[in-house]
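Participant: Please find one structure pasted underneath; my questions will follow.
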Amino acid sequence: MIGLGYVGLPLAVALAEGGAPVIGFDVDAARVAALAAGRSGIEDIDDAQLVAAGGRFTADIRDAADCTAYVICVPTPLRDGLPDLSAVESASRAVATVLAPGDLVVLESTTYPGTTEEVVLPLLIAGSGLRSEEFLLAYSPERIDPGNPTWGITNTPKVVGGRDAASTKAAVTLYEQVTSTVVAVSGTREAEMAKLLENTFRHINIALVNEMAVFCRQLDIDLWEVIAAASTKPFGFMPFLPGPGVGGHCIPVDPSYLSWRVKKLGYSFRFVELAQEINARMPSYVVSRLADLLNEGPGLALSRTSVLCLGAAYKPDVSDCRESPAVDVMQRLALKGAAVSFHDPHVPSLVLEDGTALTSVELSDETLAAADAVVVLTPHAQIDWERVVGAARLVLDTRGTLPVGGAVHRL
Ligand SMILES: NC(=O)c1ccc[n+]([C@@H]2O[C@H](COP(=O)([O-])OP(=O)(O)OC[C@H]3O[C@@H](n4cnc5c(N)ncnc54)[C@H](O)[C@@H]3O)[C@@H](O)[C@H]2O)c1
C-alpha cells in the first residue's frame with residue numbers, strides 16, 4: 001500500500017485482515033513510526049484493530065520489493081486551482097524501482113481521466129525498464145466515506161478498470177479479497193470518470209440546495225421541510241441538504257480535476273464552475289445571516305459579539321478539517337471582529353489563517369450562555385444538542401439539526 005492516509009490505511013488493514021501479507025509504505029516517516037507503534041490516527045481504524053491486522057510499515061520502498069501488487073493511495077490536491085499530481089508521480093517512480101514482471105499496480109487516488117495511462121504508465125516503464133505488457137495496471141476509485149458506520153470497504157461496491165483484460169482480471173481478484181461486489185468496467189478512463197461523475201453529481205446537487213436555501217429564506221419557506229416532502233417521492237428524487245458550504249479532500253477538489261481536463265478540450269465545464277461559485281459563497285452567507293439575526297434580535301453588531309461555533313471538521317463524526325467550511329466561517333467571523341470560540345469533540349485545536357490559535361472549549365451551560373450567539377456548523381453525534389437548545393441565547397443552525405423555534409434559527 002503506497003500512502004497510508006484516510007484511504008490507504010483502511011484498505012491495508014482490510015487486506016491484512018483478509019489474510020494477505022501487507023506492507024504499508026509512506027514518505028512521511030513520522031506517520032510510519034506512529035503506525036508501527038500501533039497508533040492509527042484515523043477514526044475508522046482503532047488502534048487495537050490496526051495492531052490485530054498485523055501489517056508492516058516502512059518509509060523505504062525497498063522493503064516492498066517482494067510485493068506482487070502495489071496500490072497507490074496518495075493525495076491529489078489542487079495547487080493554485082490546478083491538479084497537482086506530484087505525489088502520484090513520485091509514488092509511481094518509487095513503485096517503478098521495485099516493479100517485477102507480472103506485478104499489478106493499481107491507482108486509487110482521485111484524478112482526471114487519462115492519468116493512469118498517460119502519467120503513471122510511462123513512469124512505471126521508464127523507472128522499471130520493463131515493457132508495458134510485462135506488468136499489469138488498473139485504476140480503481142476509492143469510495144470510502146470516513147465516519148460512515150453503514151457503508152465501508154467491505155460492503156461498498158468497488159469499480160475497477162484495467163489497461164487490458166488481464167489487468168482488470170488481476171485487480172478484480174485483488175479487490176474480491178475485501179469487497180463483496182467488484183464492478184469491472186472496460187478501461188481505466190471509465191473507472192477514473194465514474195469517480196468524478198459521483199463527486200461532481202454531489203457537488204452540483206449540494207450547490208442546488210444551497211442556492212435554494214438563500215432564496216427560500218427570503219420567501220419565508222422552510223427548505224428542510226420542502227426537502228422532506230419531496231423525499232416522499234419514491235422515484236426520481238434524491239435528497240441533498242443545505243449547509244455552510246462543502247469541504248474535505250474530495251467534493252471541493254475533484255470536480256476541478258474534471259473541469260481542468262475539459263478545459264483542455266476547449267470548453268468550460270459550466271455546471272462545475274457554477275456549483276463552485278455557489279458553494280464557495282456559503283460561508284459568507286452564514287456570516288451575513290448571523291449578523292442580521294444579531295442585529296434584529298439583541299441589537300448587537302457582529303464586531304461586538306462573542307460567537308461559539310459548534311463543529312470545525314468538514315462533516316459530522318470525523319476530525320478532518322481540510323477545506324472545512326466551518327473553519328472558513330470562523331475566519332470570516334474573526335475578520336469582522338467577533339470574539340470566536342469553538343467546540344468540536346474531534347478537533348482539539350486549530351489555527352486560523354491570521355495565525356490565531358483556538359482550542360476547543362468545553363460544552364457547558366456556562367460557555368453556551370456566555371456566547372451572544374451559537375452557530376451550528378458540523379452536527380457531530382457526540383454534541384449534547386438538548387444542552388445547546390436549553391442554554392444558548394441565540395442559535396443559527398446551518399445544518400437543520402435542531403427544531404426551529406425559541407432561540408433557534410435556520411440558515
Ligand atoms: N479521504 C477520503 O474520504 C477520500 C475518499 C475517496 C478518495 N480519496 C482520494 O484518495 C487519495 C488519498 O486521499 P487520503 O484522504 O487518503 O489522503 P491523506 O492525506 O489522508 O493520505 C495520503 C498519504 O499519502 C502519503 N504520501 C504522500 N506522497 C506520497 C508518496 N509519494 N509516496 C507514498 N506516500 C505518500 C502521505 O504522507 C499521507 O500519509 C486522494 O486522491 C483522494 O482524493 C479520498
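Just so we're on the same page: first chain in the C-alpha cells is A, next is B, and so on; residues restart at 1 for each chain, and ligands are numbered from 1 in the order they show up.
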Do you know which residues are at most 7 Å from A:Thr168 counting only C-alpha atoms, after dropping those on the same chain fewer than 6 positions away, and could you put them as an mmCIF file with N, CA and C atoms, in the first residue's frame?

Facilitator:
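File produced: out_32.cif:
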data_model
loop_
_atom_site.group_PDB
_atom_site.id
_atom_site.type_symbol
_atom_site.label_atom_id
_atom_site.label_comp_id
_atom_site.auth_asym_id
_atom_site.auth_seq_id
_atom_site.Cartn_x
_atom_site.Cartn_y
_atom_site.Cartn_z
ATOM 1 N N ALA A 138 -4.059 -0.989 -13.411
ATOM 2 C CA ALA A 138 -5.501 -0.714 -13.345
ATOM 3 C C ALA A 138 -5.756 0.549 -12.521
ATOM 4 N N VAL A 160 -13.588 -1.170 -10.967
ATOM 5 C CA VAL A 160 -12.215 -1.483 -11.390
ATOM 6 C C VAL A 160 -12.127 -1.427 -12.910
ATOM 7 N N GLY A 161 -11.109 -0.743 -13.414
ATOM 8 C CA GLY A 161 -10.883 -0.741 -14.859
ATOM 9 C C GLY A 161 -9.404 -0.932 -15.152
ATOM 10 N N GLY A 162 -9.061 -1.981 -15.881
ATOM 11 C CA GLY A 162 -7.664 -2.257 -16.191
ATOM 12 C C GLY A 162 -7.278 -1.733 -17.558
ATOM 13 N N ALA A 184 -16.450 -4.454 -12.793
ATOM 14 C CA ALA A 184 -15.400 -4.231 -13.792
ATOM 15 C C ALA A 184 -15.947 -3.353 -14.914
#

Participant: Which chain A residues have any atom within 6 Å of an atom of ligand 1, and for each, what is the nearest pair of atoms with distance in Å to one decimal, counting only C-alpha atoms and all ligand atoms, rows sorted by chain and number, as a tab-separated table?

Facilitator:
residue	atom	partner	partner_atom_place_in_ligand_line	distance
A:Ile2	CA	ligand 1	33 (C)	4.9
A:Gly3	CA	ligand 1	24 (O)	3.4
A:Leu4	CA	ligand 1	39 (O)	4.6
A:Gly5	CA	ligand 1	21 (O)	3.1
A:Tyr6	CA	ligand 1	16 (O)	3.7
A:Val7	CA	ligand 1	16 (O)	3.7
A:Gly8	CA	ligand 1	16 (O)	5.6
A:Phe25	CA	ligand 1	33 (C)	5.9
A:Asp26	CA	ligand 1	34 (N)	3.7
A:Val27	CA	ligand 1	34 (N)	4.6
A:Asp28	CA	ligand 1	37 (O)	4.5
A:Cys73	CA	ligand 1	12 (C)	4.8
A:Val74	CA	ligand 1	24 (O)	4.0
A:Pro75	CA	ligand 1	40 (C)	4.1
A:Thr76	CA	ligand 1	41 (O)	4.3
A:Ala87	CA	ligand 1	31 (N)	4.3
A:Ser90	CA	ligand 1	31 (N)	4.6
A:Ala91	CA	ligand 1	31 (N)	3.9
A:Ser109	CA	ligand 1	41 (O)	3.3
A:Thr110	CA	ligand 1	41 (O)	4.0
A:Glu142	CA	ligand 1	6 (C)	4.5
A:Arg143	CA	ligand 1	6 (C)	4.7
A:Ile144	CA	ligand 1	5 (C)	4.8
A:Asp145	CA	ligand 1	3 (O)	5.2
A:Pro146	CA	ligand 1	3 (O)	5.4
A:His249	CA	ligand 1	43 (O)	5.7
A:Cys250	CA	ligand 1	43 (O)	5.2

Participant: Deliver the residues from the most recent selection as a file, using N, CA, C and O atoms, as an mmCIF file, in the first residue's frame.

Facilitator:
data_model
loop_
_atom_site.group_PDB
_atom_site.id
_atom_site.type_symbol
_atom_site.label_atom_id
_atom_site.label_comp_id
_atom_site.auth_asym_id
_atom_site.auth_seq_id
_atom_site.Cartn_x
_atom_site.Cartn_y
_atom_site.Cartn_z
ATOM 1 N N ILE A 2 0.707 2.082 -0.991
ATOM 2 C CA ILE A 2 1.554 3.267 -1.125
ATOM 3 C C ILE A 2 0.729 4.477 -0.701
ATOM 4 O O ILE A 2 -0.178 4.900 -1.424
ATOM 5 N N GLY A 3 1.024 5.046 0.483
ATOM 6 C CA GLY A 3 0.223 6.147 1.027
ATOM 7 C C GLY A 3 -0.732 5.592 2.064
ATOM 8 O O GLY A 3 -1.605 4.781 1.748
ATOM 9 N N LEU A 4 -0.538 6.015 3.321
ATOM 10 C CA LEU A 4 -1.274 5.384 4.435
ATOM 11 C C LEU A 4 -2.157 6.387 5.158
ATOM 12 O O LEU A 4 -2.093 6.544 6.374
ATOM 13 N N GLY A 5 -2.991 7.093 4.390
ATOM 14 C CA GLY A 5 -3.896 8.070 4.988
ATOM 15 C C GLY A 5 -5.303 7.522 5.135
ATOM 16 O O GLY A 5 -5.501 6.330 5.382
ATOM 17 N N TYR A 6 -6.289 8.394 4.958
ATOM 18 C CA TYR A 6 -7.699 8.027 5.127
ATOM 19 C C TYR A 6 -8.104 6.892 4.195
ATOM 20 O O TYR A 6 -8.993 6.116 4.516
ATOM 21 N N VAL A 7 -7.475 6.822 3.024
ATOM 22 C CA VAL A 7 -7.833 5.806 2.041
ATOM 23 C C VAL A 7 -6.931 4.570 2.170
ATOM 24 O O VAL A 7 -7.403 3.440 2.262
ATOM 25 N N GLY A 8 -5.624 4.789 2.180
ATOM 26 C CA GLY A 8 -4.672 3.675 2.141
ATOM 27 C C GLY A 8 -4.704 2.809 3.389
ATOM 28 O O GLY A 8 -4.673 1.570 3.292
ATOM 29 N N PHE A 25 3.667 1.522 2.782
ATOM 30 C CA PHE A 25 4.780 2.451 2.531
ATOM 31 C C PHE A 25 4.236 3.871 2.539
ATOM 32 O O PHE A 25 3.189 4.144 1.936
ATOM 33 N N ASP A 26 4.945 4.777 3.216
ATOM 34 C CA ASP A 26 4.546 6.187 3.206
ATOM 35 C C ASP A 26 5.824 7.016 3.273
ATOM 36 O O ASP A 26 6.796 6.629 3.928
ATOM 37 N N VAL A 27 5.824 8.167 2.590
ATOM 38 C CA VAL A 27 7.016 9.023 2.617
ATOM 39 C C VAL A 27 7.139 9.785 3.928
ATOM 40 O O VAL A 27 8.201 10.325 4.235
ATOM 41 N N ASP A 28 6.058 9.827 4.693
ATOM 42 C CA ASP A 28 6.064 10.564 5.957
ATOM 43 C C ASP A 28 6.581 9.626 7.060
ATOM 44 O O ASP A 28 5.858 8.750 7.545
ATOM 45 N N CYS A 73 -2.348 5.183 -3.092
ATOM 46 C CA CYS A 73 -3.418 5.972 -2.443
ATOM 47 C C CYS A 73 -2.831 7.273 -1.905
ATOM 48 O O CYS A 73 -2.884 7.530 -0.697
ATOM 49 N N VAL A 74 -2.238 8.047 -2.774
ATOM 50 C CA VAL A 74 -1.570 9.280 -2.309
ATOM 51 C C VAL A 74 -2.435 10.500 -2.661
ATOM 52 O O VAL A 74 -3.344 10.406 -3.486
ATOM 53 N N PRO A 75 -2.158 11.643 -2.033
ATOM 54 C CA PRO A 75 -3.039 12.805 -2.242
ATOM 55 C C PRO A 75 -3.004 13.342 -3.670
ATOM 56 O O PRO A 75 -1.964 13.284 -4.346
ATOM 57 N N THR A 76 -4.137 13.871 -4.091
ATOM 58 C CA THR A 76 -4.244 14.568 -5.380
ATOM 59 C C THR A 76 -4.909 15.924 -5.114
ATOM 60 O O THR A 76 -6.090 16.100 -5.407
ATOM 61 N N ALA A 87 2.425 13.904 -6.078
ATOM 62 C CA ALA A 87 2.509 12.717 -5.207
ATOM 63 C C ALA A 87 2.281 11.436 -6.022
ATOM 64 O O ALA A 87 2.967 10.430 -5.807
ATOM 65 N N SER A 90 5.541 10.842 -7.895
ATOM 66 C CA SER A 90 6.664 10.332 -7.118
ATOM 67 C C SER A 90 6.363 8.927 -6.595
ATOM 68 O O SER A 90 7.274 8.091 -6.501
ATOM 69 N N ALA A 91 5.086 8.646 -6.290
ATOM 70 C CA ALA A 91 4.737 7.278 -5.874
ATOM 71 C C ALA A 91 4.970 6.299 -7.032
ATOM 72 O O ALA A 91 5.471 5.193 -6.834
ATOM 73 N N SER A 109 -5.947 6.960 -6.218
ATOM 74 C CA SER A 109 -6.120 8.393 -5.996
ATOM 75 C C SER A 109 -7.121 8.953 -7.003
ATOM 76 O O SER A 109 -7.119 8.571 -8.173
ATOM 77 N N THR A 110 -7.959 9.885 -6.547
ATOM 78 C CA THR A 110 -8.934 10.504 -7.439
ATOM 79 C C THR A 110 -8.214 11.448 -8.393
ATOM 80 O O THR A 110 -7.389 12.260 -7.958
ATOM 81 N N GLU A 142 -11.431 5.098 -5.075
ATOM 82 C CA GLU A 142 -11.798 4.848 -3.681
ATOM 83 C C GLU A 142 -13.108 5.565 -3.394
ATOM 84 O O GLU A 142 -13.268 6.723 -3.729
ATOM 85 N N ARG A 143 -14.031 4.843 -2.768
ATOM 86 C CA ARG A 143 -15.330 5.460 -2.444
ATOM 87 C C ARG A 143 -15.523 5.598 -0.949
ATOM 88 O O ARG A 143 -16.646 5.796 -0.490
ATOM 89 N N ILE A 144 -14.449 5.447 -0.193
ATOM 90 C CA ILE A 144 -14.574 5.446 1.268
ATOM 91 C C ILE A 144 -15.245 6.730 1.748
ATOM 92 O O ILE A 144 -15.020 7.812 1.194
ATOM 93 N N ASP A 145 -16.112 6.596 2.742
ATOM 94 C CA ASP A 145 -16.809 7.748 3.311
ATOM 95 C C ASP A 145 -16.461 7.778 4.799
ATOM 96 O O ASP A 145 -17.156 7.169 5.617
ATOM 97 N N PRO A 146 -15.363 8.465 5.157
ATOM 98 C CA PRO A 146 -14.908 8.415 6.548
ATOM 99 C C PRO A 146 -16.034 8.747 7.525
ATOM 100 O O PRO A 146 -16.814 9.669 7.298
ATOM 101 N N HIS A 249 -11.416 16.559 1.384
ATOM 102 C CA HIS A 249 -10.406 16.353 0.354
ATOM 103 C C HIS A 249 -11.050 16.132 -1.016
ATOM 104 O O HIS A 249 -10.400 16.248 -2.041
ATOM 105 N N CYS A 250 -12.358 15.807 -1.040
ATOM 106 C CA CYS A 250 -12.935 15.312 -2.295
ATOM 107 C C CYS A 250 -13.868 16.301 -2.993
ATOM 108 O O CYS A 250 -13.586 16.743 -4.094
#

Participant: Rank nothing, just name the residue among A:Ile383, A:Val253, A:Ala69, A:Leu136 nearest to A:Leu196, using only C-alpha atoms.

Facilitator: A:Val253

Participant: From a DSSP pass on the backbone, collect the residues of stretch 42-86 of chain A flagged as alpha helix (DSSP H) and hand them back as a ChimeraX atom specification.

Facilitator: /A:47-53,86

Participant: Write out as a list in words which residues come within 10 Å of stretch 128-131 of chain A when counting only C-alpha atoms, dropping same-chain ones fewer than 4 positions away.

Facilitator: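 Those residues are Arg93, Ala94, Val95, Ala96, Thr97, Val98, Leu99, Ala100, Pro101, Pro122, Leu123, Leu124 and Phe135 of chain A.
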
Participant: Could you please take those selected residues and save N, CA and C atoms as a PDB file, in the first residue's frame?

Facilitator:
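This went into part-v5.pdb:
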ATOM      1  N   ARG A  93       7.116   6.641  -9.462  1.00  0.00           N
ATOM      2  CA  ARG A  93       8.587   6.454  -9.607  1.00  0.00           C
ATOM      3  C   ARG A  93       9.104   5.473  -8.564  1.00  0.00           C
ATOM      4  N   ALA A  94       8.589   5.598  -7.324  1.00  0.00           N
ATOM      5  CA  ALA A  94       9.047   4.694  -6.250  1.00  0.00           C
ATOM      6  C   ALA A  94       8.660   3.250  -6.574  1.00  0.00           C
ATOM      7  N   VAL A  95       7.418   3.030  -7.008  1.00  0.00           N
ATOM      8  CA  VAL A  95       6.963   1.670  -7.336  1.00  0.00           C
ATOM      9  C   VAL A  95       7.809   1.114  -8.477  1.00  0.00           C
ATOM     10  N   ALA A  96       8.141   1.974  -9.442  1.00  0.00           N
ATOM     11  CA  ALA A  96       8.919   1.511 -10.603  1.00  0.00           C
ATOM     12  C   ALA A  96      10.248   0.894 -10.185  1.00  0.00           C
ATOM     13  N   THR A  97      10.821   1.385  -9.090  1.00  0.00           N
ATOM     14  CA  THR A  97      12.141   0.870  -8.681  1.00  0.00           C
ATOM     15  C   THR A  97      12.068  -0.566  -8.163  1.00  0.00           C
ATOM     16  N   VAL A  98      10.867  -1.023  -7.780  1.00  0.00           N
ATOM     17  CA  VAL A  98      10.750  -2.384  -7.238  1.00  0.00           C
ATOM     18  C   VAL A  98       9.837  -3.282  -8.089  1.00  0.00           C
ATOM     19  N   LEU A  99       9.356  -2.725  -9.193  1.00  0.00           N
ATOM     20  CA  LEU A  99       8.390  -3.466 -10.017  1.00  0.00           C
ATOM     21  C   LEU A  99       9.059  -4.660 -10.724  1.00  0.00           C
ATOM     22  N   ALA A 100       8.376  -5.801 -10.676  1.00  0.00           N
ATOM     23  CA  ALA A 100       8.912  -7.006 -11.330  1.00  0.00           C
ATOM     24  C   ALA A 100       7.895  -7.508 -12.363  1.00  0.00           C
ATOM     25  N   PRO A 101       8.341  -8.299 -13.321  1.00  0.00           N
ATOM     26  CA  PRO A 101       7.400  -8.820 -14.320  1.00  0.00           C
ATOM     27  C   PRO A 101       6.232  -9.549 -13.645  1.00  0.00           C
ATOM     28  N   PRO A 122       3.815   5.635 -18.202  1.00  0.00           N
ATOM     29  CA  PRO A 122       5.155   5.972 -18.688  1.00  0.00           C
ATOM     30  C   PRO A 122       6.206   6.014 -17.579  1.00  0.00           C
ATOM     31  N   LEU A 123       5.805   6.450 -16.374  1.00  0.00           N
ATOM     32  CA  LEU A 123       6.777   6.500 -15.274  1.00  0.00           C
ATOM     33  C   LEU A 123       7.168   5.091 -14.831  1.00  0.00           C
ATOM     34  N   LEU A 124       6.185   4.168 -14.842  1.00  0.00           N
ATOM     35  CA  LEU A 124       6.482   2.784 -14.454  1.00  0.00           C
ATOM     36  C   LEU A 124       7.428   2.144 -15.475  1.00  0.00           C
ATOM     37  N   PHE A 135       3.823  -5.967 -17.152  1.00  0.00           N
ATOM     38  CA  PHE A 135       3.173  -5.830 -15.838  1.00  0.00           C
ATOM     39  C   PHE A 135       1.723  -5.428 -16.054  1.00  0.00           C
TER      40      PHE A 135
END

Participant: Which of these, A:Leu11, A:Ala29, A:Leu308, A:Val214, has the shortest distance to A:Thr359 once you count only C-alpha atoms?

Facilitator: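 Checking each of A:Leu11, A:Ala29, A:Leu308, A:Val214 against A:Thr359, counting only C-alpha atoms, the winner is A:Leu308.
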
Participant: What does the structure give for the distance between atom CA of A:Asp320 and atom CA of A:Gly147, in Å to one decimal?

Facilitator: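 Computing the Euclidean distance for atom CA of A:Asp320 and atom CA of A:Gly147 yields 10.2 Å.
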
Participant: Hey, what's within 7 Å of A:Asn199 if we count only C-alpha atoms and toss same-chain stuff fewer than 3 positions away? As a PyMOL selection string, please?

Facilitator: chain A and resi 195-196+202-203+251+254-255

Participant: Any idea what the distance is between atom CA of A:Asp222 and atom CA of A:Thr378?

Facilitator: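 Between atom CA of A:Asp222 and atom CA of A:Thr378 the gap is 19.7 Å.
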
Participant: So how many Å separate atom CA of A:Ala170 and atom CA of A:Leu137, to one decimal?

Facilitator: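 Those two atoms sit 8.9 Å apart.
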
Participant: Report as an mmCIF file with N, CA and C atoms, in the first residue's frame all protein, DNA and RNA residues lying within 9 Å of A:Glu211, evaluated on only C-alpha atoms, omitting residues in the same chain fewer than 5 positions from it.

Facilitator:
data_model
loop_
_atom_site.group_PDB
_atom_site.id
_atom_site.type_symbol
_atom_site.label_atom_id
_atom_site.label_comp_id
_atom_site.auth_asym_id
_atom_site.auth_seq_id
_atom_site.Cartn_x
_atom_site.Cartn_y
_atom_site.Cartn_z
ATOM 1 N N ILE A 206 -25.515 19.670 -4.051
ATOM 2 C CA ILE A 206 -25.380 20.455 -2.815
ATOM 3 C C ILE A 206 -25.501 21.939 -3.158
ATOM 4 N N CYS A 216 -35.085 30.716 -0.333
ATOM 5 C CA CYS A 216 -36.207 30.241 0.499
ATOM 6 C C CYS A 216 -36.296 31.069 1.785
ATOM 7 N N PRO A 242 -28.884 21.503 2.568
ATOM 8 C CA PRO A 242 -28.039 22.695 2.553
ATOM 9 C C PRO A 242 -27.116 22.749 3.774
ATOM 10 N N ILE A 278 -21.339 28.906 -6.107
ATOM 11 C CA ILE A 278 -22.420 28.931 -5.107
ATOM 12 C C ILE A 278 -21.934 28.358 -3.773
ATOM 13 N N ASN A 279 -21.278 27.198 -3.824
ATOM 14 C CA ASN A 279 -20.834 26.577 -2.571
ATOM 15 C C ASN A 279 -19.786 27.428 -1.862
ATOM 16 N N MET A 282 -21.175 30.199 0.433
ATOM 17 C CA MET A 282 -21.999 29.875 1.606
ATOM 18 C C MET A 282 -21.404 30.357 2.932
#

Participant: As an MDAnalysis selection string, please: every residue in stretch 227-364 of chain A that DSSP puts in strand (DSSP E or B).

Facilitator: chainID A and resid 306:310 339:343 349:351 357:359

Participant: Which residues are near stretch 51-53 of chain A? Cut-off 9 Å, only C-alpha atoms, ignore same chain within fewer than 6 positions. Put them as a list in words.

Facilitator: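 Listing them by chain and then by number gives Ala12, Val13, Ala14, Leu15, Ala16, Glu17, Gly18, Gly19, Leu35, Ala36, Ala37, Gly38, Arg39 and Ser40 of chain A.
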
Participant: Can those selected residues be exported to a file as a JSON list (two decimals), in the first residue's frame so that it contains N, CA, C and O atoms?

Facilitator:
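Result file part-v4.json:
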[["chain", "number", "residue", "atom", "x", "y", "z"],
["A", 12, "ALA", "N", -5.37, -1.16, 3.58],
["A", 12, "ALA", "CA", -4.28, -2.03, 4.02],
["A", 12, "ALA", "C", -4.75, -2.95, 5.15],
["A", 12, "ALA", "O", -4.47, -4.16, 5.15],
["A", 13, "VAL", "N", -5.48, -2.38, 6.09],
["A", 13, "VAL", "CA", -5.97, -3.16, 7.23],
["A", 13, "VAL", "C", -6.96, -4.23, 6.75],
["A", 13, "VAL", "O", -6.89, -5.39, 7.16],
["A", 14, "ALA", "N", -7.86, -3.84, 5.83],
["A", 14, "ALA", "CA", -8.86, -4.80, 5.33],
["A", 14, "ALA", "C", -8.16, -5.96, 4.61],
["A", 14, "ALA", "O", -8.52, -7.13, 4.80],
["A", 15, "LEU", "N", -7.15, -5.65, 3.80],
["A", 15, "LEU", "CA", -6.43, -6.71, 3.09],
["A", 15, "LEU", "C", -5.68, -7.61, 4.07],
["A", 15, "LEU", "O", -5.67, -8.84, 3.93],
["A", 16, "ALA", "N", -5.06, -6.99, 5.08],
["A", 16, "ALA", "CA", -4.32, -7.77, 6.08],
["A", 16, "ALA", "C", -5.28, -8.66, 6.87],
["A", 16, "ALA", "O", -4.99, -9.83, 7.14],
["A", 17, "GLU", "N", -6.45, -8.10, 7.20],
["A", 17, "GLU", "CA", -7.45, -8.89, 7.94],
["A", 17, "GLU", "C", -7.93, -10.08, 7.10],
["A", 17, "GLU", "O", -8.28, -11.13, 7.64],
["A", 18, "GLY", "N", -7.91, -9.90, 5.77],
["A", 18, "GLY", "CA", -8.32, -10.98, 4.86],
["A", 18, "GLY", "C", -7.23, -12.02, 4.68],
["A", 18, "GLY", "O", -7.41, -12.99, 3.95],
["A", 19, "GLY", "N", -6.07, -11.79, 5.30],
["A", 19, "GLY", "CA", -5.01, -12.79, 5.27],
["A", 19, "GLY", "C", -3.87, -12.49, 4.33],
["A", 19, "GLY", "O", -2.90, -13.27, 4.25],
["A", 35, "LEU", "N", 2.34, 4.41, 12.99],
["A", 35, "LEU", "CA", 1.64, 3.17, 12.63],
["A", 35, "LEU", "C", 2.38, 1.95, 13.17],
["A", 35, "LEU", "O", 1.76, 1.02, 13.70],
["A", 36, "ALA", "N", 3.71, 1.99, 13.08],
["A", 36, "ALA", "CA", 4.50, 0.86, 13.58],
["A", 36, "ALA", "C", 4.33, 0.73, 15.10],
["A", 36, "ALA", "O", 4.39, -0.38, 15.65],
["A", 37, "ALA", "N", 4.05, 1.86, 15.75],
["A", 37, "ALA", "CA", 3.84, 1.83, 17.21],
["A", 37, "ALA", "C", 2.38, 1.53, 17.55],
["A", 37, "ALA", "O", 1.97, 1.61, 18.71],
["A", 38, "GLY", "N", 1.56, 1.27, 16.53],
["A", 38, "GLY", "CA", 0.17, 0.87, 16.78],
["A", 38, "GLY", "C", -0.80, 2.02, 16.91],
["A", 38, "GLY", "O", -1.90, 1.87, 17.43],
["A", 39, "ARG", "N", -0.39, 3.21, 16.42],
["A", 39, "ARG", "CA", -1.31, 4.37, 16.50],
["A", 39, "ARG", "C", -1.86, 4.67, 15.11],
["A", 39, "ARG", "O", -1.13, 5.10, 14.22],
["A", 40, "SER", "N", -3.16, 4.46, 14.94],
["A", 40, "SER", "CA", -3.77, 4.58, 13.61],
["A", 40, "SER", "C", -3.90, 6.03, 13.15],
["A", 40, "SER", "O", -3.62, 6.36, 12.00]]

Participant: Which is closer to A:Val361 than all the others in A:Asp328, A:Leu310, A:Gly400, A:Ala228, using only C-alpha atoms?

Facilitator: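 For A:Val361, the nearest of the candidates is A:Leu310.
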
Participant: Identify, on the basis of only C-alpha atoms, every residue whose closest approach to A:Pro83 does not exceed 10 Å; exclude the query and any residue fewer than 6 positions from it along the same chain; express the result as a PyMOL selection string.

Facilitator: chain A and resi 76-77+111-112+253-254+256-258+260-261

Participant: Using only C-alpha atoms, find the one residue out of A:Val404, A:Val119, A:Leu302, A:Val351 that sits nearest to A:Ala373.

Facilitator: A:Leu302
